[in-house]
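Student: Quick one: this structure, given as structure tokens, is what I'll be asking you about.
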Amino acid sequence: MQGFSTLLYKELLRFWKVGFQTILAPVVTALLYLLIFSHALKGRVQIYPGVSYTAFLVPGLVMMSALQNAFANSSSSLIQSKVMGNVVFLLLPPLSYPEIFLAYTTAAVIRGVIVGLGVFAVTLAFTHLPVREPLWLAAFAVLGCSILGAAGIVAGIWADKFDQLAAFQNFIIVPLTFLSGVFYSIHSLPAFWQALSRFNPFFYVIDGFRYGFFGLSDVSPWTSFGVVFGFFLALSLLTLQLLRSGYKLRF
Amino acid sequence: MTPGGDHVPAIRVQGVHKHFGSLHALRGVDLAIEQGEFFALLGPNGAGKTTLISILAGLARADEGRVEILGFDVRHDYRRARRALGVVPQELVFDPFFTVREFLTLQSGYYGLRHNEAWIEELLHHLDLTPKADTNMRNLSGGMKRRALVAQALVHKPPVIVLDEPTSGVDVELRHSLWQFIQRLNREGHTIVLTTHYLEEAQNLCTRVAMLKHGGIVALDATESLLRATQEPSLRLTLVPDRLPPSLAPRLTLQEKGVYTLSLRDYAQTEEVLRVLREAGVRVADMSVERPDLEDVFVQIMSRH
Ligand SMILES: Nc1ncnc2c1ncn2[C@@H]1O[C@H](COP(=O)(O)OP(=O)(O)O)[C@@H](O)[C@H]1O
Ligand SMILES: [Mg+2]
């Protein structure tokens, strides 16, 4: 436990020391999205009856920011350690693989949630949101960030260079989060894209998260929870197996 | 022999092979280092020293063979093996996010040590790092970074300590204080294994030596035996008058600037040389006995293999 809590503390300290980049910057980015999209589309789109487009947008933006920062936290920490060579300080001590996995994932969740709360706080200036199902909201926030935290570990282990990590982020993480219904309800999509969206785990994360606010969603929150939890479990097993095998870490 | 007990070797390496692609970096290394030894692992660049140390530390994995630290298998019992081992890596790595003290506190935590401040202060003191304790690692000079790496290896007071070229790029003063500290740890019972390119360091400090070449061990013996077996001592003489009695000519190995170097089979032969000189009426103006050094031995062994 001491190993886990120390590593968690180190990971928190790492992003806290550069909070300007790791917390403030993503909040500002989300704010820009909100200003642009809500201004451009205000009045033209109404997805749920009685919910303005700006209000519809907020949960998606909060979640997208949280997810992308959760991913950035574990992946950039690992790739920096590998490139600098200081990953040995993690590999020499008797840290167990579950401890490493849990510490990186938890730190990613905490950074994701802090960024999400930050984004939510600034959007309060523009629109007021109900919070109908706080437990669902918290469950999807934590699970979503856990998935991205674990995915960040996998990417950080796999990538040898920063540009490989950027490719992973730009070609996998960003499209999946963008195309998950952040800016729209999938019901507004053509049938083909609607069907395809159902294979995107992040669709369920965002849909379930939105349910936490409005009590309304495209699919039942239980279904979303099942899909998201199953996906998290599968990804965790993969990540643990990678850590155990020493892939790209212990040559 | 139980793992962790008094009678198991500090380090046991059995039949270890390691390939990097087509390169056969370790070719069946067998080695046992006893508890309390001060041991040198020598060899030219690329011999495989760092690779072997990486396998001990679990940073790399052997393709074949077994490695144990105090009887704990580095693969299957990795947590206990790593707790028993402290490693100073060869590369000058550091984490730019933290100060020296933060770094050492974090490393302690990874080993499960919560209140390690007293020992960390002692380490900082012995390694002359106290004035830099709250400096960010990235602002330290190379020598200071090296000290922090040494401190890192010792935070958990490991019974077995491996130092991979700890004195490269380090000034004479630090080298001296570092070895004093390491010698103290050895006297207190820690097993020390080091690699170095300064062979006089190894000769002065280490009781036993292994020499590695192309991934294989080419010599493994007590330092004294290697010195004795490989080369004879010699006697350097300045003579008045400047003339060597003919009966000593067969011993002459070198003659320059009026200094005669004579080889001896052992130190007792000094007596006989002096007798011959006295009888020939030649006076000794200056004399020194030259011990063969580890560098000579090293060069000789490496050229043989
Ligand atoms: N990660 C690696 N990938 C490929 N080759 C390596 C790697 N590490 C070491 N080698 C090669 O293995 C050989 C032994 O290297 P090393 O153990 O560093 O030698 P030494 O420490 O004795 O100088 C060298 O030829 C080196 O180039
Ligand atoms: Mg080396």
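All residue names refer to the structure tokens as shown: chains lettered A, B, ... in order, residues numbered from 1 in each chain, ligands numbered from 1 in order.
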Around ligand 2, at most 9 Å away and counting only C-alpha atoms and all ligand atoms, which residues are there? Put them as a list of chain:residue names, please.
Tutor: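 Here is the list of contacting residues: B:Pro44, B:Asn45, B:Gly46, B:Ala47, B:Gly48, B:Lys49, B:Thr50, B:Thr51, B:Ile53, B:Pro89, B:Gln90, B:Glu91, B:Asp164, B:Glu165, B:Thr195, B:Thr196.
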Student: Find the residues near range 22-31 of chain A: any atom within 6 Å, counting only C-alpha atoms, skip ones fewer than 3 places away on the same chain, and give them as a list in words.
Tutor: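 So the residues in contact are Gly19, Leu34, Val115 and Val119 of chain A.
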Student: Using only C-alpha atoms, determine which residues lie at most 10 Å from Pro241 in chain B, disregarding the query and same-chain residues fewer than 4 positions distant; provide the list as a VMD selection string.
Tutor: chain B and resid 281 to 285
Student: Using DSSP secondary structure from the backbone, list all strand (DSSP E or B) positions within range 10-199 of chain B, as number ranges by chain.
Tutor: B: 11-20, 23-33, 38-42, 64-69, 72-73, 85-88, 99, 136, 160-164, 191-195
Student: Provide as a compact mmCIF listing (two decimals) with N, CA and C atoms, in the first residue's frame the residues of chain B at most 7 Å from chain A, counting only C-alpha atoms.
Tutor:
```
# COMPACT_ATOMS: atom_id res chain seq x y z
N ALA B 57 18.89 -6.54 -11.56
CA ALA B 57 17.94 -5.55 -11.03
C ALA B 57 16.53 -5.75 -11.58
N LEU B 59 15.73 -4.99 -14.58
CA LEU B 59 15.50 -4.01 -15.64
C LEU B 59 15.53 -4.68 -17.00
N ALA B 60 16.22 -5.82 -17.04
CA ALA B 60 16.25 -6.62 -18.27
C ALA B 60 15.99 -8.06 -17.85
N ARG B 61 15.59 -8.87 -18.81
CA ARG B 61 15.31 -10.26 -18.49
C ARG B 61 16.22 -11.19 -19.26
N TYR B 78 10.27 -11.26 -7.23
CA TYR B 78 10.90 -9.99 -7.56
C TYR B 78 10.81 -8.96 -6.46
N ARG B 79 9.74 -9.03 -5.66
CA ARG B 79 9.61 -7.99 -4.64
C ARG B 79 10.68 -8.13 -3.57
N ARG B 82 14.18 -7.36 -5.09
CA ARG B 82 14.46 -5.92 -5.29
C ARG B 82 14.65 -5.19 -3.97
N ARG B 83 13.96 -5.67 -2.92
CA ARG B 83 14.12 -5.03 -1.62
C ARG B 83 15.55 -5.24 -1.09
N VAL B 93 20.65 9.49 -15.02
CA VAL B 93 19.24 9.82 -15.18
C VAL B 93 18.71 10.57 -13.95
N PHE B 94 17.66 11.37 -14.17
CA PHE B 94 17.06 12.11 -13.06
C PHE B 94 15.64 12.50 -13.45
N ASP B 95 14.85 12.84 -12.44
CA ASP B 95 13.48 13.27 -12.70
C ASP B 95 13.40 14.78 -12.51
N PHE B 97 11.19 16.87 -12.25
CA PHE B 97 10.08 17.46 -11.52
C PHE B 97 10.39 17.69 -10.04
N LEU B 106 10.42 10.03 -2.18
CA LEU B 106 9.57 9.22 -3.04
C LEU B 106 10.14 7.80 -3.18
N GLY B 109 9.43 5.73 -0.26
CA GLY B 109 8.04 5.28 -0.25
C GLY B 109 7.82 4.07 -1.14
N TYR B 110 8.49 4.05 -2.30
CA TYR B 110 8.34 2.90 -3.20
C TYR B 110 8.83 1.61 -2.54
N TYR B 111 9.76 1.76 -1.60
CA TYR B 111 10.26 0.59 -0.88
C TYR B 111 9.46 0.33 0.38
N GLY B 112 8.37 1.07 0.55
CA GLY B 112 7.50 0.84 1.70
C GLY B 112 7.95 1.54 2.96
```
Student: What's around range 128-130 of chain B at 8 Å? Count only C-alpha atoms, leave out sequence neighbours fewer than 5 positions away in its own chain, and write the answer as a PyMOL selection string.
Tutor: chain B and resi 121+144+147-148
Student: Keeping only N, CA, C and O atoms, take the residues you just selected and write them out as a JSON list (two decimals), in the first residue's frame.
Tutor:
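The resulting selection00.json:
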```json
[["chain", "number", "residue", "atom", "x", "y", "z"],
["B", 121, "GLU", "N", 18.68, 12.14, 5.67],
["B", 121, "GLU", "CA", 19.59, 13.22, 6.08],
["B", 121, "GLU", "C", 21.02, 12.69, 6.18],
["B", 121, "GLU", "O", 21.97, 13.36, 5.79],
["B", 144, "MET", "N", 26.93, 16.02, -8.95],
["B", 144, "MET", "CA", 25.87, 16.05, -7.94],
["B", 144, "MET", "C", 24.76, 15.06, -8.30],
["B", 144, "MET", "O", 24.20, 14.39, -7.44],
["B", 147, "ARG", "N", 25.82, 11.72, -7.27],
["B", 147, "ARG", "CA", 25.66, 11.48, -5.83],
["B", 147, "ARG", "C", 24.21, 11.15, -5.49],
["B", 147, "ARG", "O", 23.93, 10.29, -4.66],
["B", 148, "ALA", "N", 23.29, 11.88, -6.14],
["B", 148, "ALA", "CA", 21.87, 11.63, -5.89],
["B", 148, "ALA", "C", 21.51, 10.20, -6.31],
["B", 148, "ALA", "O", 20.71, 9.53, -5.65]]
```
Student: Within 6 Å of Phe71 in chain A, counting only C-alpha atoms, which residues qualify if same-chain residues fewer than 2 places away don't, as a ChimeraX atom specification?
Tutor: /A:68-69,73-74,148-149,152
Student: Identify, on the basis of only C-alpha atoms, every residue whose closest approach to range 105-110 of chain A does not exceed 7 Å; exclude the query and any residue fewer than 2 positions from it along the same chain; express the result as a ChimeraX atom specification.
Tutor: /A:8,11-12,70-71,73-74,101-103,112-114,142,145-146,149-150
Student: Any chance you could export the current selection's N, CA and C atoms as a PDB file, in the first residue's frame?
Tutor:
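Below is the file that was written, result-v1.pdb:
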```
ATOM      1  N   LEU A   8       1.129   7.303  -6.253  1.00  0.00           N
ATOM      2  CA  LEU A   8      -0.027   8.168  -6.515  1.00  0.00           C
ATOM      3  C   LEU A   8       0.318   9.615  -6.172  1.00  0.00           C
ATOM      4  N   GLU A  11       2.549  11.113  -8.749  1.00  0.00           N
ATOM      5  CA  GLU A  11       1.837  11.448  -9.989  1.00  0.00           C
ATOM      6  C   GLU A  11       0.978  12.700  -9.820  1.00  0.00           C
ATOM      7  N   LEU A  12       0.392  12.867  -8.630  1.00  0.00           N
ATOM      8  CA  LEU A  12      -0.412  14.065  -8.375  1.00  0.00           C
ATOM      9  C   LEU A  12       0.481  15.297  -8.316  1.00  0.00           C
ATOM     10  N   ALA A  70      -7.351  12.875 -18.553  1.00  0.00           N
ATOM     11  CA  ALA A  70      -7.004  11.622 -17.873  1.00  0.00           C
ATOM     12  C   ALA A  70      -5.995  10.855 -18.726  1.00  0.00           C
ATOM     13  N   PHE A  71      -6.271  10.796 -20.025  1.00  0.00           N
ATOM     14  CA  PHE A  71      -5.351  10.107 -20.933  1.00  0.00           C
ATOM     15  C   PHE A  71      -3.984  10.790 -20.940  1.00  0.00           C
ATOM     16  N   ASN A  73      -2.576  12.481 -18.721  1.00  0.00           N
ATOM     17  CA  ASN A  73      -1.815  12.384 -17.477  1.00  0.00           C
ATOM     18  C   ASN A  73      -0.949  11.131 -17.428  1.00  0.00           C
ATOM     19  N   SER A  74      -1.550   9.974 -17.613  1.00  0.00           N
ATOM     20  CA  SER A  74      -0.749   8.755 -17.495  1.00  0.00           C
ATOM     21  C   SER A  74       0.186   8.587 -18.684  1.00  0.00           C
ATOM     22  N   PHE A 101      -0.354   0.064 -11.817  1.00  0.00           N
ATOM     23  CA  PHE A 101      -1.582   0.283 -12.577  1.00  0.00           C
ATOM     24  C   PHE A 101      -2.547   1.197 -11.813  1.00  0.00           C
ATOM     25  N   LEU A 102      -2.790   0.858 -10.547  1.00  0.00           N
ATOM     26  CA  LEU A 102      -3.763   1.622  -9.760  1.00  0.00           C
ATOM     27  C   LEU A 102      -3.310   3.059  -9.516  1.00  0.00           C
ATOM     28  N   ALA A 103      -2.019   3.236  -9.261  1.00  0.00           N
ATOM     29  CA  ALA A 103      -1.535   4.580  -8.968  1.00  0.00           C
ATOM     30  C   ALA A 103      -1.680   5.480 -10.196  1.00  0.00           C
ATOM     31  N   GLY A 112      -8.467  14.155 -14.335  1.00  0.00           N
ATOM     32  CA  GLY A 112      -9.639  14.269 -15.206  1.00  0.00           C
ATOM     33  C   GLY A 112     -10.793  14.922 -14.473  1.00  0.00           C
ATOM     34  N   VAL A 113     -11.034  14.499 -13.256  1.00  0.00           N
ATOM     35  CA  VAL A 113     -12.169  15.025 -12.495  1.00  0.00           C
ATOM     36  C   VAL A 113     -11.941  16.500 -12.145  1.00  0.00           C
ATOM     37  N   ILE A 114     -10.705  16.856 -11.786  1.00  0.00           N
ATOM     38  CA  ILE A 114     -10.434  18.262 -11.467  1.00  0.00           C
ATOM     39  C   ILE A 114     -10.680  19.138 -12.693  1.00  0.00           C
ATOM     40  N   VAL A 142     -15.984   8.794 -13.138  1.00  0.00           N
ATOM     41  CA  VAL A 142     -14.849   8.015 -12.636  1.00  0.00           C
ATOM     42  C   VAL A 142     -14.498   6.873 -13.592  1.00  0.00           C
ATOM     43  N   CYS A 145     -12.905   8.240 -16.882  1.00  0.00           N
ATOM     44  CA  CYS A 145     -11.520   8.660 -16.676  1.00  0.00           C
ATOM     45  C   CYS A 145     -10.612   7.464 -16.401  1.00  0.00           C
ATOM     46  N   SER A 146     -11.151   6.446 -15.739  1.00  0.00           N
ATOM     47  CA  SER A 146     -10.342   5.246 -15.482  1.00  0.00           C
ATOM     48  C   SER A 146      -9.959   4.576 -16.795  1.00  0.00           C
ATOM     49  N   GLY A 149      -7.374   6.676 -18.356  1.00  0.00           N
ATOM     50  CA  GLY A 149      -6.132   6.559 -17.587  1.00  0.00           C
ATOM     51  C   GLY A 149      -5.402   5.274 -17.950  1.00  0.00           C
ATOM     52  N   ALA A 150      -6.141   4.180 -18.030  1.00  0.00           N
ATOM     53  CA  ALA A 150      -5.536   2.898 -18.397  1.00  0.00           C
ATOM     54  C   ALA A 150      -5.048   2.932 -19.841  1.00  0.00           C
TER      55      ALA A 150
END
```
Student: Determine, counting only C-alpha atoms, which protein, DNA and RNA residues have an atom within 10 Å of an atom of Glu295 in chain B; residues of the same chain fewer than 4 positions away are not included. Present the result as a list in words.
Tutor: His197, Tyr198, Leu199, Glu200, Ala202, Gln203, Leu227, Val299, Gln300 and Ile301 of chain B
Student: In terms of the shortest atom-to-atom distance over only C-alpha atoms, which of B:Ala118, B:Ser288, B:Arg265, B:Gly143 is closest to Val172 in chain B?
Tutor: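 For Val172 in chain B, the nearest of the given residues is B:Gly143.
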